[in-house]
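File shown here: coords.cif, holding mmCIF, C-alpha atoms.
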data_query
loop_
_atom_site.label_atom_id
_atom_site.label_comp_id
_atom_site.auth_asym_id
_atom_site.auth_seq_id
_atom_site.Cartn_x
_atom_site.Cartn_y
_atom_site.Cartn_z
CA MET A 629 156.81 81.92 129.31
CA SER A 630 157.36 84.30 126.40
CA LYS A 631 158.87 82.70 123.31
CA ILE A 632 159.97 84.30 120.04
CA LEU A 633 161.12 82.59 116.87
CA ILE A 634 162.72 84.74 114.16
CA LYS A 635 162.95 82.81 110.91
CA ASN A 636 164.21 83.30 107.34
CA ILE A 637 166.80 85.81 108.55
CA LYS A 638 168.82 87.20 105.65
CA GLY A 639 171.89 87.51 107.88
CA LEU A 640 172.35 86.64 111.57
CA VAL A 641 175.15 88.96 112.62
CA GLN A 642 177.78 88.65 115.38
CA PHE A 643 176.81 85.08 116.34
CA GLY A 644 178.82 82.27 117.88
CA GLU A 645 180.12 80.57 120.99
CA ASP A 646 183.47 80.94 122.76
CA LEU A 647 183.92 84.39 121.23
CA PRO A 648 186.48 86.78 122.70
CA LYS A 649 185.33 89.45 125.14
CA VAL A 650 186.88 92.07 122.91
CA ARG A 651 188.14 92.23 119.33
CA LYS A 652 191.32 94.17 118.66
CA GLY A 653 193.57 95.11 115.78
CA GLU A 654 193.10 92.92 112.71
CA GLU A 655 190.45 90.89 114.55
CA MET A 656 188.10 93.85 114.27
CA LYS A 657 187.72 93.09 110.57
CA LYS A 658 186.01 89.80 111.48
CA LEU A 659 182.23 89.81 111.68
CA PRO A 660 180.47 86.43 111.62
CA ILE A 661 177.25 86.46 109.56
CA LEU A 662 175.07 83.38 109.05
CA GLU A 663 172.83 83.54 106.00
CA ASN A 664 169.26 82.21 105.88
CA ALA A 665 169.13 81.71 109.63
CA PHE A 666 166.77 81.42 112.57
CA LEU A 667 166.99 82.67 116.16
CA ALA A 668 164.93 81.50 119.15
CA LEU A 669 164.40 83.39 122.39
CA GLU A 670 162.69 82.40 125.63
CA ASN A 671 162.00 85.16 128.15
CA GLY A 672 164.63 87.27 126.43
CA ILE A 673 167.31 84.58 126.62
CA ILE A 674 168.93 83.25 123.44
CA VAL A 675 168.20 79.52 123.43
CA ALA A 676 168.89 78.47 119.82
CA TYR A 677 170.12 79.71 116.46
CA GLY A 678 171.37 78.22 113.22
CA SER A 679 170.64 77.89 109.53
CA MET A 680 167.08 77.34 108.35
CA ALA A 681 168.27 74.06 106.85
CA GLU A 682 169.06 72.86 110.40
CA TRP A 683 165.81 74.09 111.91
CA GLY A 684 163.71 71.20 113.15
CA GLY A 685 160.37 73.01 113.14
CA ILE A 686 158.10 74.04 116.01
CA THR A 687 156.82 71.47 118.48
CA ASP A 688 155.22 73.81 121.01
CA TRP A 689 153.24 76.79 119.64
CA ARG A 690 152.00 78.00 123.03
CA ASN A 691 152.93 81.63 123.85
CA LEU A 692 155.06 81.73 120.70
CA GLU A 693 155.52 84.77 118.48
CA VAL A 694 156.87 83.97 115.03
CA ILE A 695 158.63 86.75 113.12
CA ASP A 696 159.46 86.35 109.44
CA ALA A 697 162.70 88.27 108.83
CA GLU A 698 163.02 87.58 105.11
CA GLY A 699 165.33 90.19 103.58
CA LYS A 700 166.27 91.51 107.02
CA PHE A 701 169.34 91.33 109.24
CA VAL A 702 169.28 90.38 112.91
CA LEU A 703 172.03 91.51 115.24
CA PRO A 704 172.76 92.19 118.91
CA ALA A 705 171.60 95.64 119.98
CA PHE A 706 174.04 98.52 120.02
CA CYS A 707 175.69 99.29 123.37
CA ASP A 708 176.25 102.98 124.10
CA SER A 709 179.05 103.12 126.66
CA HIS A 710 179.34 106.92 127.02
CA THR A 711 176.35 109.25 127.42
CA HIS A 712 175.07 112.14 129.51
CA THR A 713 171.41 111.33 128.93
CA VAL A 714 170.13 112.96 132.14
CA PHE A 715 170.14 116.73 131.66
CA ALA A 716 167.71 119.60 132.16
CA GLN A 717 167.60 121.56 128.90
CA SER A 718 169.14 121.82 125.45
CA ARG A 719 171.88 124.36 124.63
CA GLU A 720 171.19 125.40 121.06
CA GLU A 721 172.22 128.99 121.83
CA GLU A 722 175.80 127.77 122.23
CA PHE A 723 175.47 125.96 118.90
CA VAL A 724 174.76 129.35 117.33
CA ASP A 725 177.71 130.89 119.21
CA ARG A 726 180.02 128.29 117.70
CA ILE A 727 178.69 129.03 114.23
CA LYS A 728 179.65 132.66 114.91
CA GLY A 729 183.21 131.65 115.74
CA LEU A 730 183.45 130.81 119.44
CA SER A 731 185.05 127.49 120.39
CA TYR A 732 183.68 125.01 122.94
CA GLU A 733 186.47 126.08 125.29
CA ASP A 734 185.72 129.79 124.74
CA ILE A 735 182.11 129.23 125.73
CA ALA A 736 183.13 127.25 128.82
CA ILE A 737 185.58 129.91 129.99
CA ARG A 738 182.87 132.59 129.95
CA GLY A 739 180.52 130.46 132.08
CA GLY A 740 178.65 128.46 129.46
CA GLY A 741 178.99 124.81 128.63
CA ILE A 742 178.87 122.40 131.55
CA LEU A 743 178.23 125.18 134.08
CA ASN A 744 175.24 126.30 132.03
CA SER A 745 173.76 122.79 132.17
CA ALA A 746 174.55 122.50 135.88
CA GLN A 747 172.59 125.61 136.77
CA LYS A 748 169.54 124.40 134.85
CA LEU A 749 169.71 120.92 136.38
CA GLN A 750 170.02 122.27 139.91
CA GLU A 751 166.73 124.13 139.39
CA MET A 752 164.80 121.13 138.03
CA SER A 753 162.97 118.61 140.22
CA GLU A 754 163.95 114.95 140.28
CA GLU A 755 160.59 113.98 138.81
CA GLU A 756 160.98 116.36 135.87
CA LEU A 757 164.51 115.14 135.23
CA PHE A 758 163.34 111.55 135.25
CA ASN A 759 160.44 112.16 132.87
CA HIS A 760 162.62 114.05 130.37
CA ALA A 761 165.35 111.41 130.56
CA MET A 762 162.92 108.53 130.02
CA GLU A 763 161.62 110.21 126.86
CA ARG A 764 165.20 110.32 125.58
CA VAL A 765 165.88 106.71 126.55
CA ASP A 766 162.78 105.56 124.65
CA LYS A 767 164.02 107.44 121.59
CA LEU A 768 167.46 105.84 121.88
CA LYS A 769 165.88 102.39 122.12
CA SER A 770 163.90 103.04 118.93
CA GLY A 771 167.21 103.64 117.19
CA GLY A 772 168.65 100.31 118.29
CA THR A 773 170.36 101.07 121.61
CA GLY A 774 169.96 98.10 123.91
CA ALA A 775 172.39 99.05 126.70
CA LEU A 776 173.21 102.50 127.97
CA GLU A 777 175.78 104.09 130.24
CA ILE A 778 174.60 107.37 131.80
CA LYS A 779 176.82 109.83 133.66
CA SER A 780 176.05 112.43 136.26
CA GLY A 781 178.14 115.61 136.05
CA TYR A 782 175.58 118.33 135.35
CA GLY A 783 174.89 118.78 139.07
CA LEU A 784 178.23 119.92 140.51
CA THR A 785 176.73 120.20 144.02
CA VAL A 786 176.24 117.40 146.51
CA GLY A 787 172.47 117.56 146.23
CA ALA A 788 172.29 117.86 142.44
CA GLU A 789 174.80 115.08 141.77
CA LEU A 790 172.93 112.72 144.09
CA LYS A 791 169.65 113.77 142.46
CA THR A 792 171.02 112.88 139.03
CA LEU A 793 172.28 109.49 140.16
CA ARG A 794 168.94 108.71 141.81
CA VAL A 795 167.24 109.48 138.50
CA ILE A 796 169.63 107.08 136.74
CA LYS A 797 168.81 104.43 139.34
CA ARG A 798 165.10 104.85 138.50
CA ILE A 799 165.89 104.54 134.80
CA LYS A 800 167.71 101.27 135.55
CA ALA A 801 164.55 99.94 137.12
CA GLU A 802 162.06 101.11 134.49
CA SER A 803 163.75 101.33 131.07
CA GLY A 804 163.79 97.61 130.26
CA ILE A 805 167.42 97.71 129.07
CA ALA A 806 170.77 97.44 130.85
CA ILE A 807 171.79 100.77 132.36
CA LYS A 808 175.18 101.53 133.89
CA ALA A 809 175.57 104.59 136.12
CA THR A 810 178.76 106.65 136.20
CA PHE A 811 179.53 109.30 138.82
CA LEU A 812 181.07 112.31 137.07
CA GLY A 813 181.06 114.92 139.80
CA ALA A 814 184.47 115.93 138.44
CA HIS A 815 183.04 117.24 135.17
CA ALA A 816 183.99 120.88 135.80
CA PHE A 817 184.78 123.12 138.75
CA PRO A 818 181.79 125.10 140.03
CA LEU A 819 182.29 128.88 139.94
CA GLU A 820 182.58 129.08 143.72
CA PHE A 821 185.53 126.65 143.57
CA LYS A 822 187.24 128.21 140.55
CA GLU A 823 190.18 129.32 142.72
CA ASN A 824 189.88 126.49 145.22
CA HIS A 825 190.14 123.24 143.30
CA GLN A 826 191.04 121.17 146.35
CA GLY A 827 187.94 122.43 148.15
CA TYR A 828 185.68 120.92 145.49
CA ILE A 829 187.74 117.73 145.27
CA ASP A 830 187.37 117.35 149.04
CA GLN A 831 183.61 117.73 148.64
CA ILE A 832 183.57 114.97 146.03
CA ILE A 833 185.69 112.66 148.19
CA ASN A 834 184.25 113.38 151.64
CA GLU A 835 180.58 114.13 150.93
CA MET A 836 179.51 112.71 147.58
CA LEU A 837 181.32 109.38 147.38
CA PRO A 838 180.29 108.03 150.81
CA GLN A 839 176.61 108.73 150.07
CA ILE A 840 176.87 107.23 146.59
CA GLU A 841 178.26 104.02 148.06
CA LYS A 842 175.63 103.99 150.83
CA GLU A 843 172.75 104.22 148.32
CA GLY A 844 174.38 102.05 145.62
CA LEU A 845 174.02 104.82 143.06
CA ALA A 846 176.94 104.20 140.68
CA ASP A 847 178.93 101.52 138.90
CA PHE A 848 181.82 103.66 137.66
CA ILE A 849 183.63 106.91 138.40
CA ASP A 850 184.72 109.42 135.77
CA VAL A 851 186.80 112.60 135.65
CA PHE A 852 187.11 115.13 132.82
CA CYS A 853 190.91 115.23 132.62
CA GLU A 854 191.75 118.10 130.29
CA ARG A 855 193.36 121.54 130.21
CA ASN A 856 191.09 124.08 131.94
CA TYR A 857 189.31 121.23 133.73
CA PHE A 858 190.94 118.58 135.98
CA SER A 859 194.67 117.95 135.91
CA VAL A 860 196.19 114.49 135.80
CA GLU A 861 197.09 114.76 139.48
CA GLU A 862 193.56 115.86 140.41
CA MET A 863 192.09 113.03 138.36
CA PHE A 864 194.33 110.48 140.07
CA GLN A 865 193.29 111.70 143.52
CA ILE A 866 189.58 111.48 142.70
CA LEU A 867 189.79 108.10 140.98
CA GLN A 868 191.72 106.59 143.88
CA ALA A 869 188.98 107.71 146.23
CA GLY A 870 186.32 106.29 143.94
CA ILE A 871 188.06 102.92 143.81
CA LYS A 872 187.96 102.79 147.61
CA HIS A 873 184.20 103.17 147.36
CA GLY A 874 183.89 100.30 144.87
CA LEU A 875 183.76 102.33 141.63
CA ARG A 876 185.92 101.38 138.65
CA PRO A 877 187.30 104.29 136.59
CA LYS A 878 185.95 105.19 133.12
CA VAL A 879 187.41 108.54 132.19
CA HIS A 880 187.28 111.50 129.80
CA VAL A 881 190.77 112.07 128.39
CA ASN A 882 192.47 113.58 125.34
CA GLN A 883 189.51 115.54 123.96
CA PHE A 884 191.59 118.62 123.19
CA SER A 885 195.09 117.67 124.34
CA ALA A 886 197.18 114.69 125.42
CA ILE A 887 198.44 115.57 128.90
CA GLY A 888 199.19 112.14 130.35
CA GLY A 889 195.73 111.17 131.54
CA VAL A 890 195.66 107.91 129.59
CA ARG A 891 198.72 106.41 131.28
CA LYS A 892 197.51 107.41 134.72
CA ALA A 893 194.05 105.96 134.04
CA VAL A 894 195.60 102.69 132.86
CA GLU A 895 197.66 102.53 136.06
CA LEU A 896 194.36 102.58 137.95
CA ASN A 897 192.90 99.80 135.74
CA ALA A 898 190.34 102.05 134.08
CA LEU A 899 187.77 100.11 132.09
CA SER A 900 187.89 102.70 129.29
CA VAL A 901 189.52 105.94 128.24
CA ASP A 902 187.01 107.99 126.31
CA HIS A 903 187.20 110.73 123.65
CA MET A 904 190.77 110.13 122.43
CA GLU A 905 190.57 112.77 119.70
CA GLU A 906 194.26 113.35 120.46
CA ILE A 907 196.62 110.37 120.82
CA SER A 908 200.31 110.32 121.69
CA GLU A 909 202.82 107.50 121.38
CA ASP A 910 202.90 107.33 125.17
CA ASP A 911 199.14 106.79 125.20
CA ILE A 912 199.49 103.86 122.82
CA ASP A 913 202.34 102.36 124.81
CA ALA A 914 200.28 102.68 127.99
CA LEU A 915 197.28 100.91 126.44
CA LYS A 916 199.27 97.97 125.07
CA GLY A 917 198.90 94.94 127.30
CA SER A 918 196.31 96.64 129.50
CA ASP A 919 192.64 95.80 130.11
CA THR A 920 191.62 99.38 129.21
CA ILE A 921 189.74 100.02 125.97
CA ALA A 922 189.85 103.26 124.00
CA THR A 923 186.37 104.62 123.25
CA ILE A 924 185.99 107.17 120.45
CA LEU A 925 183.06 109.58 120.12
CA PRO A 926 182.81 110.69 116.48
CA SER A 927 179.50 112.56 116.86
CA CYS A 928 181.26 114.94 119.25
CA SER A 929 184.01 115.58 116.70
CA HIS A 930 181.38 116.19 114.04
CA PHE A 931 179.38 118.65 116.15
CA LEU A 932 182.35 120.60 117.57
CA SER A 933 184.43 120.51 114.37
CA ILE A 934 187.41 119.04 116.22
CA PRO A 935 189.64 116.18 115.00
CA PHE A 936 188.20 112.68 114.79
CA GLY A 937 189.89 109.98 116.85
CA ASP A 938 192.47 107.95 114.96
CA ALA A 939 190.90 104.50 115.24
CA ARG A 940 193.11 103.15 112.47
CA ARG A 941 196.26 104.03 114.39
CA LEU A 942 194.97 102.23 117.48
CA MET A 943 194.00 99.14 115.50
CA GLU A 944 197.34 99.09 113.70
CA ASN A 945 198.90 98.84 117.14
CA ASP A 946 196.75 95.75 117.85
CA LEU A 947 194.47 97.64 120.23
CA PRO A 948 190.67 97.39 120.55
CA VAL A 949 188.38 100.32 119.83
CA ALA A 950 184.86 100.99 121.05
CA LEU A 951 182.48 103.63 119.71
CA ALA A 952 179.86 105.58 121.67
CA SER A 953 177.58 108.57 121.14
CA ASP A 954 178.55 111.02 123.94
CA PHE A 955 174.87 112.09 123.87
CA ASN A 956 174.65 115.38 125.79
CA PRO A 957 173.10 118.85 125.35
CA GLY A 958 176.31 120.75 124.65
CA SER A 959 178.66 118.87 122.38
CA THR A 960 176.60 115.94 121.03
CA PRO A 961 172.83 116.43 121.05
CA SER A 962 172.25 113.06 119.36
CA GLY A 963 172.38 109.49 120.62
CA ASN A 964 171.87 107.96 117.17
CA LEU A 965 174.34 105.07 117.00
CA ALA A 966 173.54 104.28 113.37
CA PHE A 967 174.87 107.78 112.62
CA VAL A 968 177.94 107.05 114.77
CA TRP A 969 178.44 103.92 112.66
CA SER A 970 178.32 106.03 109.51
CA LEU A 971 180.68 108.71 110.87
CA ALA A 972 183.18 106.03 111.87
CA CYS A 973 183.18 104.73 108.30
CA VAL A 974 183.19 108.08 106.50
CA LYS A 975 185.40 110.19 108.77
CA MET A 976 187.55 107.59 110.53
CA LYS A 977 187.90 105.13 107.62
CA MET A 978 186.72 102.17 109.69
CA THR A 979 185.13 99.41 107.65
CA PRO A 980 181.46 98.68 108.41
CA GLU A 981 182.57 95.46 110.13
CA GLU A 982 185.16 97.20 112.31
CA ALA A 983 182.68 99.88 113.32
CA LEU A 984 179.94 97.40 114.17
CA ASN A 985 182.38 95.43 116.33
CA ALA A 986 183.13 98.71 118.08
CA LEU A 987 179.40 99.28 118.71
CA THR A 988 178.57 95.77 119.91
CA ILE A 989 181.15 93.35 121.32
CA ASN A 990 183.72 96.04 122.19
CA ALA A 991 181.14 98.52 123.46
CA ALA A 992 179.70 95.81 125.71
CA TYR A 993 183.19 95.28 127.11
CA ALA A 994 183.48 99.04 127.74
CA MET A 995 180.37 98.78 129.93
CA ASP A 996 181.37 95.53 131.67
CA LEU A 997 178.49 93.73 129.94
CA SER A 998 180.44 91.11 128.00
CA GLU A 999 178.66 88.25 129.75
CA THR A 1000 175.21 89.33 128.59
CA HIS A 1001 175.52 91.69 125.60
CA GLY A 1002 177.46 92.32 122.43
CA THR A 1003 177.06 88.98 120.64
CA ILE A 1004 174.32 86.51 119.74
CA SER A 1005 175.39 83.58 121.89
CA LEU A 1006 173.49 80.94 123.83
CA GLY A 1007 172.37 82.13 127.24
CA LYS A 1008 172.87 85.83 126.56
CA THR A 1009 170.12 88.35 127.25
CA THR A 1010 171.17 91.08 124.86
CA PRO A 1011 168.26 92.86 123.19
CA ILE A 1012 167.95 91.89 119.54
CA LEU A 1013 167.75 94.25 116.56
CA ILE A 1014 165.77 93.44 113.45
CA THR A 1015 166.47 95.71 110.49
CA LYS A 1016 164.09 96.64 107.75
CA GLN A 1017 164.61 94.90 104.41
CA ILE A 1018 168.02 96.09 103.20
CA PRO A 1019 170.41 94.86 100.50
CA SER A 1020 173.43 94.51 102.79
CA LEU A 1021 174.61 95.31 106.30
CA ALA A 1022 176.84 98.09 104.94
CA TYR A 1023 173.67 99.79 103.71
CA ILE A 1024 173.01 101.06 107.26
CA PRO A 1025 176.13 103.29 107.57
CA TYR A 1026 175.91 104.07 103.84
CA SER A 1027 172.39 105.48 104.07
CA PHE A 1028 172.97 107.73 107.08
CA GLY A 1029 169.87 109.58 108.21
CA ASP A 1030 167.51 106.73 107.31
CA GLN A 1031 165.81 104.83 110.13
CA LEU A 1032 166.53 101.23 109.20
CA ILE A 1033 165.94 99.56 112.58
CA GLU A 1034 162.51 97.96 112.45
CA ARG A 1035 162.34 96.52 115.94
CA LEU A 1036 164.24 96.17 119.19
CA ILE A 1037 163.32 93.03 121.12
CA ILE A 1038 163.97 93.26 124.86
CA SER A 1039 163.15 90.81 127.62
#
What's the structure tokens form of this structure?
Amino acid sequence: MSKILIKNIKGLVQFGEDLPKVRKGEEMKKLPILENAFLALENGIIVAYGSMAEWGGITDWRNLEVIDAEGKFVLPAFCDSHTHTVFAQSREEEFVDRIKGLSYEDIAIRGGGILNSAQKLQEMSEEELFNHAMERVDKLKSGGTGALEIKSGYGLTVGAELKTLRVIKRIKAESGIAIKATFLGAHAFPLEFKENHQGYIDQIINEMLPQIEKEGLADFIDVFCERNYFSVEEMFQILQAGIKHGLRPKVHVNQFSAIGGVRKAVELNALSVDHMEEISEDDIDALKGSDTIATILPSCSHFLSIPFGDARRLMENDLPVALASDFNPGSTPSGNLAFVWSLACVKMKMTPEEALNALTINAAYAMDLSETHGTISLGKTTPILITKQIPSLAYIPYSFGDQLIERLIIS
């Protein structure tokens, strides 16, 4: 049995029992922190925590690692509920094109963007894809990510989409952290289906989804619902088919325009609606009273120079907000969630407490991991973050660019 005792913790963050699965509205300002605390783990399971004054000492030193966290904070690992971590190559040439004045949509219309990544992925072997992706996952873990959602969507053929999902399945088995797989065959229309949208949708429904269910390759289904991509009606058709194959929706909506995708996703009990750079009153009305959480991706806004999601407006309407990286080669070539935390504070005017709730308890909800991740509670298996010695928790988003995560403890 592996046992770890972390003692003299400056602040034990996001701890407690009988906590809600999600914090919303004014509740997102709440962030429980216990000063001068200890935390005990056995085989990665949280078995005890409390103040050092309550600690009764160690009775069994066998197989025990003792960590002195004086001056350091301990918190549940970040959960990244929206990434595209499996891809073939970077796209820095498009970064230069945007500097020269082209928009993300301009680049996509001329055959770049997602189609560019799809061509490169189709040419790469499954083994190469896996090795590259595992290098990225290890880097994300070093930055404090302890749970990761990964989408397909850079295949856009039956073979390449299945190849991507098989790679994600291998990552689930070998990464040491919780991985959720999302099927995003509806990321863009391949060139050969540019004038035959229904032909590609039929391929998704009749060829991809049955094989995905047969091999158990995905947890969720996603569609990029946006002008020049998939319409609301096309999204609805694909999501309905995915639900029949046991996949819950988690969808891209409102990145560049609000065209009604949020309401339709809520009707289908989507776990999350992601991007949300644009928000209409109808979107807010649709989210109220639903089980769907809005997930905002500020690194994407930063990199593409598009509006940041209005988290404050959502919270003022008593709605929950999650944050994620959107790590991908085209619009967000970074999975650094400490930077996301900083962007949320600086650009979206979220308090450090609100933003950390959005990266832990609410992000765990957005991945359907509330039972195991997001809080430091008895019986949970969430990986644990130990910071370096810092003056306050707010110092992490304040000092963006610094690596302040000292260790990620995983079972």
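Interatomic distance, atom CA of Phe931 of chain A to atom CA of Val724 of chain A: 11.7 Å.
Residues in contact with segment 964-966 of chain A at up to 7 Å, not including ones fewer than 6 positions away on its chain and judged by all atoms listed in the file, are Leu768, Gly771, Ser953, Ile1024 and Pro1025 of chain A.
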Show me the residues close to (188.4, 107.3, 131.8) - anything with an atom within 7 Å, counting only C-alpha atoms - and format the list as a list in words.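 Residues with an atom at most 7 Å from (188.4, 107.3, 131.8): Asp850, Val851, Pro877, Lys878, Val879, His880, Val881, Ala893, Ala898, Ser900, Val901 and Asp902 of chain A.
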Between atom CA of Tyr677 of chain A and atom CA of Ser1027 of chain A, what distance in Å does the model show, to one decimal?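 So the answer is 28.7 Å.
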What does the structure give for the distance between atom CA of Ala914 of chain A and atom CA of Gly888 of chain A, in Å to one decimal?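 About the pair atom CA of Ala914 of chain A and atom CA of Gly888 of chain A: they are 9.8 Å apart.
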Take the PyMOL selection byres ((chain A and resi 639-649) around 10), run it mentally on this structure, and tell me the resulting residues as a PyMOL selection string. chain A and resi 636-638+650-652+655+658-667+677-679+697-704+981+984-985+988-990+992-993+996-999+1002-1006+1013-1014+1020-1021
Result set of the PyMOL selection byres ((chain A and resi 808) around 9) on the coordinates above, as a list of chain:residue names: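 Checking the PyMOL selection byres ((chain A and resi 808) around 9) against this file, the residues are A:Ser709, A:Ala775, A:Leu776, A:Glu777, A:Ile778, A:Lys779, A:Ile796, A:Lys797, A:Lys800, A:Ala806, A:Ile807, A:Ala809, A:Thr810, A:Ala846, A:Asp847, A:Phe848, A:Met995, A:Asp996.
Of the residues listed (A:Met656, A:Ile887, A:Ala705, A:Val675), A:Met656 shows the shortest atom-to-atom separation from Val949 of chain A; distances use all atoms listed in the file.
Distances from A:Ile1033, A:Leu951, A:Val860, A:Ile866 to Ile829 of chain A were compared using all atoms listed in the file, and the smallest one belongs to A:Ile866.
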Translate the PyMOL selection byres ((chain A and resi 719) around 6) into a concrete residue list for this structure, as a tab-separated table (two decimals) with C-alpha atoms, in the coordinates of the input.
chain	number	residue	atom	x	y	z
A	718	SER	CA	169.14	121.82	125.45
A	720	GLU	CA	171.19	125.40	121.06
A	721	GLU	CA	172.22	128.99	121.83
A	722	GLU	CA	175.80	127.77	122.23
A	957	PRO	CA	173.10	118.85	125.35
A	958	GLY	CA	176.31	120.75	124.65
Taking into account all atoms listed in the file, which residue in the set A:Leu784, A:Lys1016, A:Val968, A:Leu790 is nearest to Asp696 of chain A?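 Residue with the minimum atom-to-atom distance to Asp696 of chain A: A:Lys1016.
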Nearest to Ala668 of chain A among A:Ser959, A:Gln831, A:Thr1009, A:Gln883, with distances taken over all atoms listed in the file: which residue is it? A:Thr1009
Out of A:Glu895, A:Lys748, A:Phe967, A:Ala991, which residue has the shortest atom-to-atom distance to Leu1032 of chain A when counting all atoms listed in the file?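 The shortest atom-to-atom distance to Leu1032 of chain A comes from A:Phe967.
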So, counting all atoms listed in the file, which residue among A:Ser927, A:Gly917, A:Ala986, A:Ser780 is closest to Asp946 of chain A? A:Gly917
